[in-house]
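Worksheet: the structure to be examined is printed underneath.
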Amino acid sequence: MKLFYFFLAILFTPVLFSQSNNALHFDGVDDYVSTTKSSIQGNAARSFEAWIRTDENCIPGTGGGVQQVIADMGSFVIGKRFTFNLLFSNSVRLEIGGSGVSGTVAVNDSLWHHVAAVYDPTANKKITLYVDGIVSATGNFSATPATTAGNVVIGRRIDGANPFGGDIDEFRLWNIALTDSDVLAHMNGEICAPSANLVLYYTMNDGTADGSNTAITSLTDQSGNNNGTLQNFGLSGSSSNWTHGQNMSQTVFDTVTTAVCQGYPIPDSSGYWDVTGVYNWTFTQSSGALTGCDSIVTYDITVDTVDTRTAINGIVLSALATNASFQWMDCSDSTLISGATSAAYVASANGDYAVEVTQGNCSQWSDCITISNIGLTENSVARKIYPNPTSDHFYIPKELAMSNVFLYDFNGLLLAKMPVVGNIVQLPERMTSGMYVVRNMETGWSAVLSVK
């Protein structure tokens, strides 16, 4: 049987799913991550992002508060470093040494917060700070940044001071100034599409949360080859180790809603989904820059079926579908039979035949049907019908007599219903010379009739 699969309409809509995450816990004493990524130098645009969780007091002079550095780069010279940290008001701050801008929304409440700092040298207010996707502060440095070479460090200042105490997850460094909409758009999900502007990206999904990770001291860079190296981490238990991260529960993927004919191909080419239903499929990214960015796609599939049932009565083959169109075929060589486009087809020779049924936008072939009795029953009945050939009427033997017979052409088209009077059948007027099929529905016999 031949199957033809047609895809009618596809509609994409977002769908959300939860994905477990790891983070890194920094002990606030000497833990930090060194990287091979050089700083973004000079006065160029840049953006930091991270999810953080801490309960540290960050306000100097109040109960022993100490600045908590999320990330730093450059050199420890006034104006030459570029530091993202927590300081006044226990909120986010961006500074270059000798100058900085601080937010006002406290984030040291032991809850996860998304924090971001954007520097845009072309803007009127060149610095924008965000907490949980909302602008916390804007402003300008008192001097122009002149960041020098020096690799990015996470979890302390480049001079080794002010280590971070708490959890960091989803650290990102961009070489562009993110917009408000950019920050909102991807703060709640992993970045699963490559971007030339995402120059450093750590999902922190390495290791086993709160497990033994002494052999896992590298932090995978999802944007390139600048893996981080864990320095001074204990890598066992719930502190100074990989731990449970922010639940990125708002990661957006797709739902595919589609109507198909007979079946929808399973993404791994293992077969077809051929029953109406909802199917989930996980696309796993197991290598390259997007490792770990698995996608779950929900397929909402409606399978439209075609009625390919057939029946055989003598040499008359019938397709049983309604509201359909038809094309008959010779199965021996897959050739279409010219003009055989009716629901019924009268076979003129022994062989195997099939019909393609089209309903709506779907088409499918039936199984092949074998005809093997031509020259036996039909010819024996034909010898009893006389005269054959005829021009206007013929006689039916008394043992075959009935009330009506039907006249078909060789494409299966019904031409006439003819009453049997006694045992005489009168042909319709102005019959065209050729071969026809006479059939009786009561007894099931059929015969080939020649009209001259």
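How things are named: the first chain in the structure tokens is A, the next is B, and so on; residues count from 1 in each chain; ligands count from 1 in the order shown.
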*asked:* Neighbouring residues of region 61-69 of chain A were defined as those with any atom within 9 Å, considering only C-alpha atoms; residues of the same chain fewer than 5 positions away were excluded. Please report them as JSON, numbers by chain.
replied: {"A": [28, 56, 83, 84, 85, 86, 87, 88, 90, 154, 155, 156, 157, 161, 162, 163, 164, 165]}
Since we have the selection now, will you write its residues out, keeping C-alpha atoms, as an mmCIF file, in the first residue's frame?
```cif
data_model
loop_
_atom_site.group_PDB
_atom_site.id
_atom_site.type_symbol
_atom_site.label_atom_id
_atom_site.label_comp_id
_atom_site.auth_asym_id
_atom_site.auth_seq_id
_atom_site.Cartn_x
_atom_site.Cartn_y
_atom_site.Cartn_z
ATOM 1 C CA GLY A 28 32.786 34.888 50.892
ATOM 2 C CA GLU A 56 25.504 39.364 53.203
ATOM 3 C CA THR A 83 33.506 46.297 38.554
ATOM 4 C CA PHE A 84 29.965 44.930 39.017
ATOM 5 C CA ASN A 85 29.157 44.574 42.719
ATOM 6 C CA LEU A 86 26.797 45.037 45.646
ATOM 7 C CA LEU A 87 27.451 47.981 47.941
ATOM 8 C CA PHE A 88 25.345 50.880 49.160
ATOM 9 C CA ASN A 90 22.686 46.410 49.684
ATOM 10 C CA ILE A 154 33.985 36.284 38.936
ATOM 11 C CA GLY A 155 33.370 36.429 42.680
ATOM 12 C CA ARG A 156 36.004 38.969 43.791
ATOM 13 C CA ARG A 157 37.778 42.149 42.713
ATOM 14 C CA ALA A 161 39.526 41.966 47.683
ATOM 15 C CA ASN A 162 35.846 41.868 48.556
ATOM 16 C CA PRO A 163 34.940 38.231 47.751
ATOM 17 C CA PHE A 164 31.318 37.404 47.086
ATOM 18 C CA GLY A 165 29.382 35.414 49.670
#
```
*If we count only C-alpha atoms, what is near region 39-42 of chain A at a cut-off of 9 Å, once residues fewer than 5 positions away on the same chain are taken out, given as JSON, numbers by chain?*
{"A": [72, 73, 74, 80, 82, 144, 145, 146, 147, 148, 149, 150, 151, 152, 175]}
Deliver the residues from the most recent selection as a file, using C-alpha atoms, as a PDB file, in the first residue's frame.
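After the write, out.pdb holds the following:
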```pdb
ATOM      1  CA  ASP A  72      35.498  42.533  37.675  1.00  0.00           C
ATOM      2  CA  MET A  73      37.882  43.152  34.782  1.00  0.00           C
ATOM      3  CA  GLY A  74      40.771  45.442  33.829  1.00  0.00           C
ATOM      4  CA  LYS A  80      41.095  51.279  34.548  1.00  0.00           C
ATOM      5  CA  PHE A  82      35.232  47.857  35.534  1.00  0.00           C
ATOM      6  CA  THR A 144      35.272  58.210  31.045  1.00  0.00           C
ATOM      7  CA  PRO A 145      36.068  54.491  31.486  1.00  0.00           C
ATOM      8  CA  ALA A 146      39.435  53.431  30.131  1.00  0.00           C
ATOM      9  CA  THR A 147      39.386  49.743  30.970  1.00  0.00           C
ATOM     10  CA  THR A 148      42.728  48.106  30.391  1.00  0.00           C
ATOM     11  CA  ALA A 149      43.650  44.528  29.517  1.00  0.00           C
ATOM     12  CA  GLY A 150      43.075  42.011  32.280  1.00  0.00           C
ATOM     13  CA  ASN A 151      40.976  38.896  32.312  1.00  0.00           C
ATOM     14  CA  VAL A 152      37.456  38.737  33.700  1.00  0.00           C
ATOM     15  CA  ASN A 175      29.936  43.448  24.267  1.00  0.00           C
TER      16      ASN A 175
END
```
*Looking only at strand (DSSP E) from DSSP on the backbone, list the matching residues of region 35-182 of chain A as a count of residues only.*
64
*Among the residues A:Thr298, A:Asn188, A:Thr36, A:Thr214, the one that comes closest to Asn247 (chain A) [using only C-alpha atoms]*: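 Ranked by minimum distance to Asn247 (chain A), first place goes to A:Asn188.
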_Taking only C-alpha atoms into account, name the residue in A:Leu317, A:Ile158, A:Ala343, A:Leu24 that is nearest to Trp242 (chain A)._
A:Leu24
*Separation of CA of Ala123 (chain A) and CA of Ile191 (chain A), in Å?*
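Answer for the CA of Ala123 (chain A) to CA of Ile191 (chain A) separation: 25.8 Å.
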_Neighbour list for Asp31 (chain A) as a list of chain:residue names, cut-off 6 Å, only C-alpha atoms, skip fewer than 5 positions in-chain_ =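 Listing them by chain and then by number gives A:Phe26, A:Gln231, A:Asn232, A:Phe233.
Closest to Ala177 (chain A) among A:Ser75, A:Asn140, A:Thr128, A:Asn350 is A:Thr128, based on only C-alpha atoms.
Taking CA of Gln426 (chain A) and CA of Phe394 (chain A) as the two end points, the separation is 6.8 Å.
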*Suppose you want the space between CA of Val316 (chain A) and CA of Ile371 (chain A); what is it in Å?*
9.3 Å
*Within 9 Å of Leu200 (chain A) using only C-alpha atoms, minus same-chain residues under 3 positions, as a PyMOL selection string*: chain A and resi 37+171-174+197+221-227
Output for the residues just chosen: C-alpha atoms as a compact mmCIF listing (two decimals), in the first residue's frame:
```txt
# COMPACT_ATOMS: atom_id res chain seq x y z
CA LYS A 37 38.45 36.07 28.72
CA PHE A 171 26.56 34.78 34.45
CA ARG A 172 26.71 36.64 31.13
CA LEU A 173 28.98 39.30 29.64
CA TRP A 174 27.91 41.09 26.46
CA ASN A 197 27.71 39.71 21.18
CA ASP A 221 31.70 28.74 28.63
CA GLN A 222 28.55 28.35 26.55
CA SER A 223 29.49 31.23 24.23
CA GLY A 224 32.98 30.13 23.25
CA ASN A 225 36.18 28.62 24.59
CA ASN A 226 36.86 30.76 27.65
CA ASN A 227 36.14 28.19 30.33
```
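Residues of region 168-263 of chain A that DSSP, applied to the backbone, places in alpha helix (DSSP H): Asp180, Ser181, Asp182, Val183, Leu184, Ala185 and His186 of chain A.
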*Please identify all polymer residues within 10 Å of Ile301 (chain A), counting only C-alpha atoms, omitting same-chain residues fewer than 3 positions from it, and present them as a list in words.*
Ile10, Val256, Thr257, Thr258, Ala259, Val260, Gly263, Tyr264, Trp273, Asp274, Val275, Thr276, Gly277, Val278, Tyr279, Thr298 and Asp304 of chain A
Which residues are close to Asn404 (chain A), i.e. within 10 Å by only C-alpha atoms, leaving aside same-chain residues fewer than 4 positions away? Reply as a compact mmCIF listing (two decimals) with C-alpha atoms, in the first residue's frame.
```txt
# COMPACT_ATOMS: atom_id res chain seq x y z
CA LYS A 417 -30.77 0.70 -15.53
CA MET A 418 -32.52 -1.64 -17.98
CA PRO A 419 -35.70 -3.63 -17.17
CA VAL A 420 -35.84 -7.32 -18.11
CA VAL A 421 -39.12 -8.07 -19.91
CA VAL A 425 -33.36 -6.51 -22.46
CA ARG A 439 -24.44 -6.57 -14.37
CA ASN A 440 -27.19 -7.91 -12.18
CA MET A 441 -27.16 -6.83 -8.55
CA GLU A 442 -29.54 -9.56 -7.36
```
*Any idea what's packed within 12 Å of Met187 (chain A), counting only C-alpha atoms, ignoring anything in its chain fewer than 2 positions away? Could you give it as a PyMOL selection string?*
chain A and resi 48-51+113-116+130-134+169-172+178+180-185+189-191+246-252
How would the residues just picked look written out with C-alpha atoms as a short mmCIF file (atom, residue, chain, number, x, y, z; two decimals), in the first residue's frame?
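Written file, out_32.cif:
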```cif
data_model
loop_
_atom_site.label_atom_id
_atom_site.label_comp_id
_atom_site.auth_asym_id
_atom_site.auth_seq_id
_atom_site.Cartn_x
_atom_site.Cartn_y
_atom_site.Cartn_z
CA PHE A 48 26.74 42.25 32.84
CA GLU A 49 23.95 39.86 33.82
CA ALA A 50 23.66 37.26 36.60
CA TRP A 51 21.27 35.59 38.99
CA HIS A 113 17.39 38.09 42.06
CA HIS A 114 18.34 38.81 38.48
CA VAL A 115 20.79 41.73 38.39
CA ALA A 116 22.18 43.54 35.36
CA TYR A 130 18.48 46.55 36.86
CA VAL A 131 17.02 44.35 39.59
CA ASP A 132 14.63 41.61 38.48
CA GLY A 133 14.24 43.21 35.06
CA ILE A 134 13.26 46.64 36.43
CA ASP A 169 24.00 31.52 38.46
CA GLU A 170 23.64 32.35 34.74
CA PHE A 171 26.56 34.78 34.45
CA ARG A 172 26.71 36.64 31.13
CA LEU A 178 21.42 45.65 26.33
CA ASP A 180 15.29 47.29 28.69
CA SER A 181 13.44 44.84 26.47
CA ASP A 182 16.58 42.70 26.04
CA VAL A 183 16.95 42.29 29.79
CA LEU A 184 13.30 41.38 30.23
CA ALA A 185 13.26 39.06 27.23
CA GLY A 189 15.68 31.61 30.50
CA GLU A 190 18.96 30.19 29.38
CA ILE A 191 20.34 31.68 26.17
CA GLN A 246 17.67 29.44 40.10
CA ASN A 247 14.77 27.55 38.56
CA MET A 248 14.64 28.86 35.00
CA SER A 249 10.93 28.05 34.81
CA GLN A 250 10.11 30.65 32.18
CA THR A 251 12.24 29.20 29.38
CA VAL A 252 10.16 29.59 26.23
#
```
